[in-house]
$ cat data.cif   # mmCIF, C-alpha atoms
data_data
#
loop_
_atom_site.group_PDB
_atom_site.id
_atom_site.type_symbol
_atom_site.label_atom_id
_atom_site.label_comp_id
_atom_site.auth_asym_id
_atom_site.auth_seq_id
_atom_site.Cartn_x
_atom_site.Cartn_y
_atom_site.Cartn_z
ATOM 1 C CA MET X 5 48.662 46.434 34.544
ATOM 2 C CA ARG X 6 52.186 46.336 33.148
ATOM 3 C CA GLU X 7 53.373 44.363 36.141
ATOM 4 C CA ILE X 8 50.492 41.917 35.763
ATOM 5 C CA THR X 9 51.346 41.366 32.112
ATOM 6 C CA ILE X 10 55.005 40.726 32.912
ATOM 7 C CA PHE X 11 53.969 38.452 35.770
ATOM 8 C CA GLY X 12 51.886 36.371 33.346
ATOM 9 C CA PHE X 13 54.865 35.786 31.067
ATOM 10 C CA ALA X 14 57.114 35.022 34.023
ATOM 11 C CA LEU X 15 54.558 32.547 35.354
ATOM 12 C CA CYS X 16 54.589 30.625 32.063
ATOM 13 C CA LEU X 17 58.381 30.487 32.128
ATOM 14 C CA VAL X 18 58.495 29.337 35.748
ATOM 15 C CA ALA X 19 55.805 26.712 35.049
ATOM 16 C CA ALA X 20 57.848 25.348 32.145
ATOM 17 C CA ILE X 21 61.039 25.135 34.201
ATOM 18 C CA ALA X 22 59.262 23.605 37.200
ATOM 19 C CA PHE X 23 57.522 21.041 35.039
ATOM 20 C CA GLU X 24 60.778 19.988 33.403
ATOM 21 C CA VAL X 25 62.465 19.629 36.785
ATOM 22 C CA ILE X 26 59.578 17.419 37.982
ATOM 23 C CA ALA X 27 59.703 15.352 34.781
ATOM 24 C CA ARG X 28 63.456 14.748 35.091
ATOM 25 C CA ARG X 29 63.023 13.593 38.686
ATOM 26 C CA ASP X 30 60.249 11.159 37.758
ATOM 27 C CA PRO X 31 60.543 10.329 34.060
ATOM 28 C CA ASP X 32 58.393 7.212 34.491
ATOM 29 C CA ARG X 33 55.408 9.377 35.361
ATOM 30 C CA ILE X 34 56.009 12.392 33.125
ATOM 31 C CA ALA X 35 58.347 12.286 30.153
ATOM 32 C CA PRO X 36 60.951 15.071 29.988
ATOM 33 C CA LEU X 37 60.635 17.505 27.110
ATOM 34 C CA GLY X 38 63.494 15.906 25.196
ATOM 35 C CA ASP X 39 61.807 12.514 25.206
ATOM 36 C CA LEU X 40 58.501 14.054 24.169
ATOM 37 C CA LEU X 41 60.155 15.845 21.263
ATOM 38 C CA ASP X 42 62.007 12.677 20.253
ATOM 39 C CA ARG X 43 58.608 11.153 19.621
ATOM 40 C CA VAL X 44 56.822 14.218 18.262
ATOM 41 C CA MET X 45 59.574 15.161 15.804
ATOM 42 C CA ALA X 46 59.404 11.774 14.131
ATOM 43 C CA THR X 47 56.834 13.270 11.734
ATOM 44 C CA ARG X 48 57.951 15.674 9.044
ATOM 45 C CA SER X 49 55.229 18.242 9.780
ATOM 46 C CA ALA X 50 56.157 18.434 13.479
ATOM 47 C CA ARG X 51 59.868 18.530 12.732
ATOM 48 C CA VAL X 52 59.485 21.288 10.150
ATOM 49 C CA GLY X 53 56.940 23.165 12.277
ATOM 50 C CA ILE X 54 59.000 23.186 15.462
ATOM 51 C CA LEU X 55 62.192 24.186 13.673
ATOM 52 C CA LEU X 56 60.297 26.872 11.760
ATOM 53 C CA PHE X 57 59.115 28.356 15.047
ATOM 54 C CA TRP X 58 62.681 28.282 16.335
ATOM 55 C CA TRP X 59 63.923 30.013 13.191
ATOM 56 C CA TRP X 60 61.122 32.569 13.245
ATOM 57 C CA VAL X 61 62.096 33.658 16.812
ATOM 58 C CA GLY X 62 65.513 34.547 15.430
ATOM 59 C CA TRP X 63 64.060 36.271 12.383
ATOM 60 C CA HIS X 64 61.610 38.242 14.497
ATOM 61 C CA PHE X 65 64.133 39.538 17.022
ATOM 62 C CA LEU X 66 67.203 39.904 14.801
ATOM 63 C CA VAL X 67 65.858 40.912 11.394
ATOM 64 C CA GLY X 68 62.225 42.005 11.275
ATOM 65 C CA PRO X 69 60.805 45.066 13.039
ATOM 66 C CA THR X 70 59.816 43.945 16.527
ATOM 67 C CA VAL X 71 57.965 47.084 17.594
ATOM 68 C CA MET W 2 61.753 -2.768 16.274
ATOM 69 C CA ARG W 3 62.561 0.879 15.488
ATOM 70 C CA PRO W 4 60.962 2.918 18.267
ATOM 71 C CA TYR W 5 60.297 6.157 16.379
ATOM 72 C CA PRO W 6 60.247 5.505 12.637
ATOM 73 C CA GLU W 7 59.298 8.324 10.245
ATOM 74 C CA ARG W 8 55.542 8.543 10.648
ATOM 75 C CA ARG W 9 53.261 9.554 7.791
ATOM 76 C CA THR W 10 49.502 9.598 7.652
ATOM 77 C CA THR W 11 48.472 6.350 5.982
ATOM 78 C CA GLU W 12 47.238 6.088 2.419
ATOM 79 C CA ARG W 13 43.844 4.908 3.685
ATOM 80 C CA ALA W 14 43.313 7.906 6.009
ATOM 81 C CA PRO W 15 40.667 10.468 4.999
ATOM 82 C CA THR W 16 41.959 13.055 2.506
ATOM 83 C CA LEU W 17 41.592 16.077 4.826
ATOM 84 C CA ARG W 18 43.486 14.321 7.599
ATOM 85 C CA ARG W 19 46.216 13.356 5.125
ATOM 86 C CA LEU W 20 46.669 16.938 4.012
ATOM 87 C CA VAL W 21 46.314 18.794 7.325
ATOM 88 C CA GLU W 22 48.270 17.193 10.089
ATOM 89 C CA PRO W 23 48.106 18.940 13.481
ATOM 90 C CA TRP W 24 51.378 20.799 13.076
ATOM 91 C CA THR W 25 50.397 21.948 9.599
ATOM 92 C CA LEU W 26 47.224 23.390 11.092
ATOM 93 C CA ILE W 27 49.284 25.145 13.776
ATOM 94 C CA LEU W 28 51.380 26.772 11.049
ATOM 95 C CA VAL W 29 48.253 27.934 9.202
ATOM 96 C CA ILE W 30 46.780 29.457 12.372
ATOM 97 C CA THR W 31 50.088 31.165 13.143
ATOM 98 C CA GLY W 32 50.314 32.522 9.611
ATOM 99 C CA LEU W 33 46.803 33.931 9.829
ATOM 100 C CA PHE W 34 47.660 35.587 13.157
ATOM 101 C CA GLN W 35 50.732 37.170 11.572
ATOM 102 C CA LEU W 36 48.413 38.657 8.923
ATOM 103 C CA LEU W 37 46.162 39.939 11.713
ATOM 104 C CA ARG W 38 49.089 41.711 13.388
ATOM 105 C CA GLY W 39 50.105 43.286 10.099
ATOM 106 C CA ALA W 40 53.186 41.187 9.363
ATOM 107 C CA PRO W 41 52.632 39.812 5.839
ATOM 108 C CA VAL W 42 56.250 38.670 5.411
ATOM 109 C CA ASP W 43 56.103 36.636 8.609
ATOM 110 C CA ALA W 44 52.700 35.310 7.571
ATOM 111 C CA ALA W 45 54.170 34.183 4.262
ATOM 112 C CA PHE W 46 56.824 32.113 6.044
ATOM 113 C CA PHE W 47 54.240 30.087 7.926
ATOM 114 C CA LEU W 48 51.654 29.817 5.158
ATOM 115 C CA VAL W 49 54.164 28.844 2.463
ATOM 116 C CA ILE W 50 55.678 26.119 4.653
ATOM 117 C CA ALA W 51 52.192 24.881 5.564
ATOM 118 C CA THR W 52 51.361 24.710 1.856
ATOM 119 C CA LEU W 53 54.556 22.763 1.166
ATOM 120 C CA LEU W 54 53.676 20.301 3.932
ATOM 121 C CA MET W 55 50.214 19.806 2.493
ATOM 122 C CA ALA W 56 51.666 19.317 -0.972
ATOM 123 C CA ASP W 57 54.101 16.786 0.495
ATOM 124 C CA ALA W 58 51.256 14.952 2.237
ATOM 125 C CA ALA W 59 49.396 14.829 -1.096
ATOM 126 C CA GLY W 60 52.444 13.261 -2.750
ATOM 127 C CA LEU W 61 53.119 16.280 -4.962
ATOM 128 C CA LEU W 62 56.699 16.933 -3.797
ATOM 129 C CA TRP W 63 59.710 14.833 -4.677
ATOM 130 C CA PHE W 64 62.247 16.550 -2.390
ATOM 131 C CA ALA W 65 63.437 14.275 0.423
ATOM 132 C CA GLY W 66 65.748 16.639 2.270
ATOM 133 C CA THR W 67 69.508 16.872 2.362
ATOM 134 C CA GLY W 68 70.143 14.349 5.083
ATOM 135 C CA LEU W 69 71.175 15.071 8.650
ATOM 136 C CA PRO W 70 74.751 16.209 9.328
ATOM 137 C CA ARG W 71 76.850 14.992 12.183
ATOM 138 C CA ARG W 72 76.515 16.788 15.484
ATOM 139 C CA GLY W 73 80.044 18.237 15.300
ATOM 140 C CA LEU W 74 79.243 19.999 12.041
ATOM 141 C CA ILE W 75 76.011 21.353 13.501
ATOM 142 C CA VAL W 76 77.859 22.785 16.516
ATOM 143 C CA VAL W 77 80.527 24.416 14.342
ATOM 144 C CA THR W 78 77.867 25.878 12.030
ATOM 145 C CA ALA W 79 75.907 27.209 14.997
ATOM 146 C CA ILE W 80 79.026 28.905 16.387
ATOM 147 C CA LEU W 81 79.797 30.517 13.026
ATOM 148 C CA LEU W 82 76.196 31.640 12.703
ATOM 149 C CA GLY W 83 76.351 33.196 16.160
ATOM 150 C CA LEU W 84 79.589 35.032 15.403
ATOM 151 C CA LEU W 85 78.143 36.437 12.178
ATOM 152 C CA LEU W 86 74.977 37.625 13.874
ATOM 153 C CA VAL W 87 76.944 39.322 16.639
ATOM 154 C CA LEU W 88 78.920 41.269 14.049
ATOM 155 C CA VAL W 89 76.136 42.361 11.670
ATOM 156 C CA PRO W 90 73.730 45.132 12.690
ATOM 157 C CA ARG W 91 70.375 44.078 14.024
ATOM 158 C CA HIS W 92 67.406 44.576 11.664
ATOM 159 C CA GLY W 93 69.822 45.075 8.736
ATOM 160 C CA ALA W 94 69.995 43.480 5.302
ATOM 161 C CA ALA W 95 73.075 41.464 6.282
ATOM 162 C CA ALA W 96 71.250 39.973 9.256
ATOM 163 C CA GLY W 97 68.379 39.135 6.927
ATOM 164 C CA ILE W 98 70.699 37.359 4.513
ATOM 165 C CA VAL W 99 72.408 35.375 7.285
ATOM 166 C CA VAL W 100 69.199 34.329 9.036
ATOM 167 C CA GLY W 101 67.408 33.716 5.746
ATOM 168 C CA THR W 102 70.190 31.472 4.460
ATOM 169 C CA ALA W 103 70.234 29.582 7.747
ATOM 170 C CA GLY W 104 66.488 29.111 7.425
ATOM 171 C CA ILE W 105 66.737 27.602 3.946
ATOM 172 C CA GLY W 106 69.423 25.202 5.089
ATOM 173 C CA LEU W 107 67.422 24.293 8.158
ATOM 174 C CA LEU W 108 64.318 23.595 6.077
ATOM 175 C CA ALA W 109 66.322 21.188 3.930
ATOM 176 C CA LEU W 110 67.587 19.427 7.057
ATOM 177 C CA ALA W 111 64.164 19.324 8.693
ATOM 178 C CA TRP W 112 62.633 17.832 5.552
ATOM 179 C CA SER W 113 64.901 14.796 5.856
ATOM 180 C CA PRO W 114 63.386 11.684 7.417
ATOM 181 C CA SER W 115 64.553 10.983 10.955
ATOM 182 C CA PRO W 116 66.865 7.997 11.187
ATOM 183 C CA PRO W 117 65.819 5.437 13.787
ATOM 184 C CA PRO W 118 67.607 6.232 17.050
ATOM 185 C CA GLN W 119 70.145 3.616 18.095
ATOM 186 C CA SER W 120 69.464 4.349 21.757
ATOM 187 C CA PRO W 121 67.500 6.932 23.758
ATOM 188 C CA THR W 122 69.107 10.348 23.578
ATOM 189 C CA SER W 123 68.581 11.529 27.126
ATOM 190 C CA ARG W 124 69.857 10.064 30.329
ATOM 191 C CA ALA W 125 66.340 9.970 31.721
ATOM 192 C CA ALA W 126 65.110 8.029 28.708
ATOM 193 C CA ARG W 127 67.975 5.575 29.058
ATOM 194 C CA VAL W 128 67.036 5.073 32.719
ATOM 195 C CA VAL W 129 63.400 4.569 31.768
ATOM 196 C CA SER W 130 64.406 2.261 28.938
ATOM 197 C CA ALA W 131 66.569 0.125 31.221
ATOM 198 C CA ARG W 132 63.806 -0.171 33.815
ATOM 199 C CA VAL W 133 61.226 -1.058 31.217
ATOM 200 C CA VAL W 134 63.421 -3.721 29.628
ATOM 201 C CA ALA W 135 64.015 -5.206 33.035
ATOM 202 C CA ALA W 136 60.391 -5.126 34.181
ATOM 203 C CA ARG W 137 57.886 -5.295 31.331
ATOM 204 C CA PRO W 138 57.303 -4.801 27.592
ATOM 205 C CA VAL W 139 57.342 -1.186 26.314
ATOM 206 C CA PRO W 140 53.745 0.106 25.941
ATOM 207 C CA ALA W 141 52.633 1.360 22.534
ATOM 208 C CA ARG W 142 52.022 4.873 23.875
ATOM 209 C CA PRO W 143 53.696 5.486 27.260
ATOM 210 C CA SER W 144 51.406 7.403 29.603
ATOM 211 C CA GLY W 145 54.368 9.575 30.605
ATOM 212 C CA ILE W 146 54.561 10.861 27.044
ATOM 213 C CA SER W 147 50.839 11.625 27.029
ATOM 214 C CA ARG W 148 50.990 13.512 30.331
ATOM 215 C CA SER W 149 54.010 15.449 29.161
ATOM 216 C CA ALA W 150 52.317 16.329 25.864
ATOM 217 C CA ILE W 151 49.203 17.590 27.633
ATOM 218 C CA ALA W 152 51.194 19.657 30.122
ATOM 219 C CA TRP W 153 53.508 21.229 27.546
ATOM 220 C CA ALA W 154 50.585 21.950 25.237
ATOM 221 C CA ALA W 155 48.790 23.681 28.107
ATOM 222 C CA ILE W 156 51.858 25.800 28.925
ATOM 223 C CA ALA W 157 52.392 26.710 25.262
ATOM 224 C CA ILE W 158 48.719 27.588 24.702
ATOM 225 C CA ALA W 159 48.611 29.659 27.890
ATOM 226 C CA GLY W 160 51.746 31.562 26.875
ATOM 227 C CA CYS W 161 50.461 32.162 23.341
ATOM 228 C CA LEU W 162 47.073 33.344 24.575
ATOM 229 C CA TRP W 163 48.724 35.707 27.070
ATOM 230 C CA GLU W 164 50.873 37.120 24.255
ATOM 231 C CA VAL W 165 47.890 37.536 21.908
ATOM 232 C CA VAL W 166 45.784 39.236 24.584
ATOM 233 C CA SER W 167 48.668 41.557 25.487
ATOM 234 C CA PHE W 168 49.175 42.414 21.833
ATOM 235 C CA LEU W 169 45.471 43.157 21.278
ATOM 236 C CA LEU W 170 45.126 45.209 24.460
ATOM 237 C CA GLY W 171 48.202 47.227 23.487
ATOM 238 C CA LEU W 172 46.901 48.190 20.035
ATOM 239 C CA PRO W 173 44.798 51.289 20.824
ATOM 240 C CA SER W 174 47.636 53.650 21.845
ATOM 241 C CA PRO W 175 51.287 53.878 22.960
ATOM 242 C CA ALA W 176 50.038 54.205 26.526
ATOM 243 C CA ALA W 177 48.038 50.992 26.150
ATOM 244 C CA GLU W 178 51.090 49.303 24.648
ATOM 245 C CA ALA W 179 53.138 50.341 27.681
ATOM 246 C CA GLU W 180 50.492 48.915 30.008
ATOM 247 C CA HIS W 181 50.184 45.660 28.042
ATOM 248 C CA PRO W 182 53.614 44.946 26.584
ATOM 249 C CA SER W 183 54.110 41.946 24.334
ATOM 250 C CA ILE W 184 57.246 39.821 24.627
ATOM 251 C CA SER W 185 58.743 41.747 21.716
ATOM 252 C CA ILE W 186 58.245 45.049 23.517
ATOM 253 C CA LEU W 187 59.843 43.669 26.664
ATOM 254 C CA LEU W 188 62.858 42.099 24.986
ATOM 255 C CA ASP W 189 63.586 44.770 22.394
ATOM 256 C CA PRO W 190 65.623 47.083 24.688
ATOM 257 C CA VAL W 191 67.576 44.067 25.958
ATOM 258 C CA LEU W 192 68.509 42.977 22.444
ATOM 259 C CA ASP W 193 69.635 46.479 21.590
ATOM 260 C CA THR W 194 72.607 45.945 23.914
ATOM 261 C CA SER W 195 75.617 43.831 22.912
ATOM 262 C CA GLU W 196 75.365 41.702 26.033
ATOM 263 C CA GLY W 197 71.664 41.132 25.519
ATOM 264 C CA ARG W 198 72.121 40.121 21.898
ATOM 265 C CA ILE W 199 74.986 37.755 22.729
ATOM 266 C CA GLY W 200 72.912 36.170 25.466
ATOM 267 C CA PHE W 201 69.931 35.794 23.155
ATOM 268 C CA LEU W 202 72.078 34.257 20.405
ATOM 269 C CA ALA W 203 73.702 31.834 22.832
ATOM 270 C CA VAL W 204 70.341 30.551 24.070
ATOM 271 C CA TRP W 205 68.835 30.502 20.562
ATOM 272 C CA LEU W 206 71.674 28.479 19.088
ATOM 273 C CA ILE W 207 71.940 26.063 22.030
ATOM 274 C CA VAL W 208 68.243 25.345 21.521
ATOM 275 C CA LEU W 209 68.939 24.730 17.815
ATOM 276 C CA VAL W 210 71.626 22.129 18.532
ATOM 277 C CA TRP W 211 69.355 20.485 21.102
ATOM 278 C CA LEU W 212 66.413 20.389 18.661
ATOM 279 C CA LEU W 213 68.531 18.952 15.851
ATOM 280 C CA ARG W 214 69.579 16.137 18.196
ATOM 281 C CA ARG W 215 65.852 15.327 18.482
ATOM 282 C CA THR W 216 65.774 14.884 14.702
ATOM 283 C CA GLY W 217 68.354 12.148 14.943
ATOM 284 C CA ALA W 218 71.551 14.080 14.170
ATOM 285 C CA ARG W 219 74.421 12.212 15.817
#

$ encode --input "data.cif" --output "structure tokens"
Amino acid sequence: MREITIFGFALCLVAAIAFEVIARRDPDRIAPLGDLLDRVMATRSARVGILLFWWWVGWHFLVGPTV
Amino acid sequence: MRPYPERRTTERAPTLRRLVEPWTLILVITGLFQLLRGAPVDAAFFLVIATLLMADAAGLLWFAGTGLPRRGLIVVTAILLGLLLVLVPRHGAAAGIVVGTAGIGLLALAWSPSPPPQSPTSRAARVVSARVVAARPVPARPSGISRSAIAWAAIAIAGCLWEVVSFLLGLPSPAAEAEHPSISILLDPVLDTSEGRIGFLAVWLIVLVWLLRRTGAR
């Protein structure tokens, strides 16, 4: 089961990388992540929310108890 | 015409929609999950920020942010932040002070309205922009953006659900936790090494600089 759990996380990571590669090859069809975020982060709530998630990753792994 | 001006829910929109924009709702859900996993401090981060966003949407806040610094200053600050976090012990008070201070500064930056971009930030967007200018008018909502949003939302939701299920399945016992490790369980031994922590910090801070470029920092 441990291997299956790790495989699930790895699959998400690989899917993200593969999707970005596809988007950069054909940006007319699928916008790359940077272009999507350019649009999404035009609102304050999205900008604050996304940066809060980024910050929380650092807090969680560097400061708070992770286990 | 400015392509991505600061967007706010209009004054004529229903009250609930004005107060709870999608990302605000995401923060509330995340905060409630943090309470479920027994992390009240983490929950407070998300719920307090969600409350501030709702207060802002209701016109109750006057703070407009500090303005966006130039990219060079952001890079230098990120490097200094990384050096500090390499030196201070993990999970210590000093790390808490450094990360906490960075968070307050980041909130002030994030609160600032995005300036209108002078030109697309990515090479791909510039290519798209040039083709569109040459061929046809820019659509109000490019389908490529929609497809990208759907795909990235699906990936993010799938990853979050996998993490939540792993966390819940690992609750009963240490043996169950070993069979269903969360991302934290998997990464913790890596971050306990100097190399692992440096690698994590490098990726984390590169992502920060990249995200701040999306806010219009030049």

$ resolve_selection --input "data.cif" --expression "the PyMOL selection byres ((chain X and resi 46-58) around 8)" --output "PyMOL selection string"
(chain X and resi 42-45+59-62) or (chain W and resi 5-9+22+24-25+28+47+54+104+107-108+111-115+205+209+212+216)

$ atom_distance --input "data.cif" --atom1 "CA of His64 (chain X)" --atom2 "CA of Gly73 (chain W)"
27.2 Å

$ residues_near_point --input "data.cif" --point "(65.9, 16.3, 26.1)" --cutoff "8 Å" --atoms "all atoms listed in the file" --output "list in words"
Pro36, Leu37, Gly38, Asp39, Leu40, Leu41 and Asp42 of chain X; Thr122, Ser123, Trp211 and Arg215 of chain W

$ closest_residue --input "data.cif" --among "W:Ala159, W:Leu192, W:Ile151, W:Leu61" --to "Ile34 (chain X)" --atoms "all atoms listed in the file"
W:Ile151

$ atom_distance --input "data.cif" --atom1 "CA of Val76 (chain W)" --atom2 "CA of Val67 (chain X)"
22.3 Å

$ residues_around --input "data.cif" --residues "region 160-168 of chain W" --least-positions-apart "2" --cutoff "7 Å" --atoms "only C-alpha atoms" --output "PyMOL selection string"
(chain X and resi 13+16) or (chain W and resi 156-158+170-172+181-184)

$ resolve_selection --input "data.cif" --expression "the PyMOL selection byres ((chain W and resi 198) around 10)" --output "VMD selection string"
(chain X and resid 65 to 66) or (chain W and resid 83 86 to 87 91 188 to 197 199 to 204)

$ write_last_selection --input "data.cif" --atoms "C-alpha atoms" --output "PDB file, in the frame of the given file"
ATOM      1  CA  PHE X  65      64.133  39.538  17.022  1.00  0.00           C
ATOM      2  CA  LEU X  66      67.203  39.904  14.801  1.00  0.00           C
TER       3      LEU X  66
ATOM      4  CA  GLY W  83      76.351  33.196  16.160  1.00  0.00           C
ATOM      5  CA  LEU W  86      74.977  37.625  13.874  1.00  0.00           C
ATOM      6  CA  VAL W  87      76.944  39.322  16.639  1.00  0.00           C
ATOM      7  CA  ARG W  91      70.375  44.078  14.024  1.00  0.00           C
ATOM      8  CA  LEU W 188      62.858  42.099  24.986  1.00  0.00           C
ATOM      9  CA  ASP W 189      63.586  44.770  22.394  1.00  0.00           C
ATOM     10  CA  PRO W 190      65.623  47.083  24.688  1.00  0.00           C
ATOM     11  CA  VAL W 191      67.576  44.067  25.958  1.00  0.00           C
ATOM     12  CA  LEU W 192      68.509  42.977  22.444  1.00  0.00           C
ATOM     13  CA  ASP W 193      69.635  46.479  21.590  1.00  0.00           C
ATOM     14  CA  THR W 194      72.607  45.945  23.914  1.00  0.00           C
ATOM     15  CA  SER W 195      75.617  43.831  22.912  1.00  0.00           C
ATOM     16  CA  GLU W 196      75.365  41.702  26.033  1.00  0.00           C
ATOM     17  CA  GLY W 197      71.664  41.132  25.519  1.00  0.00           C
ATOM     18  CA  ILE W 199      74.986  37.755  22.729  1.00  0.00           C
ATOM     19  CA  GLY W 200      72.912  36.170  25.466  1.00  0.00           C
ATOM     20  CA  PHE W 201      69.931  35.794  23.155  1.00  0.00           C
ATOM     21  CA  LEU W 202      72.078  34.257  20.405  1.00  0.00           C
ATOM     22  CA  ALA W 203      73.702  31.834  22.832  1.00  0.00           C
ATOM     23  CA  VAL W 204      70.341  30.551  24.070  1.00  0.00           C
TER      24      VAL W 204
END

$ atom_distance --input "data.cif" --atom1 "CA of Ala45 (chain W)" --atom2 "CA of Leu82 (chain W)"
23.7 Å

$ residues_around --input "data.cif" --residues "Glu24 (chain X)" --least-positions-apart "3" --cutoff "9 Å" --atoms "only C-alpha atoms" --output "ChimeraX atom specification"
/X:19-21,27-29,34-37

$ resolve_selection --input "data.cif" --expression "the PyMOL selection byres ((chain X and resi 7) around 12)" --output "PyMOL selection string"
(chain X and resi 5-6+8-15) or (chain W and resi 167+179-182+187)
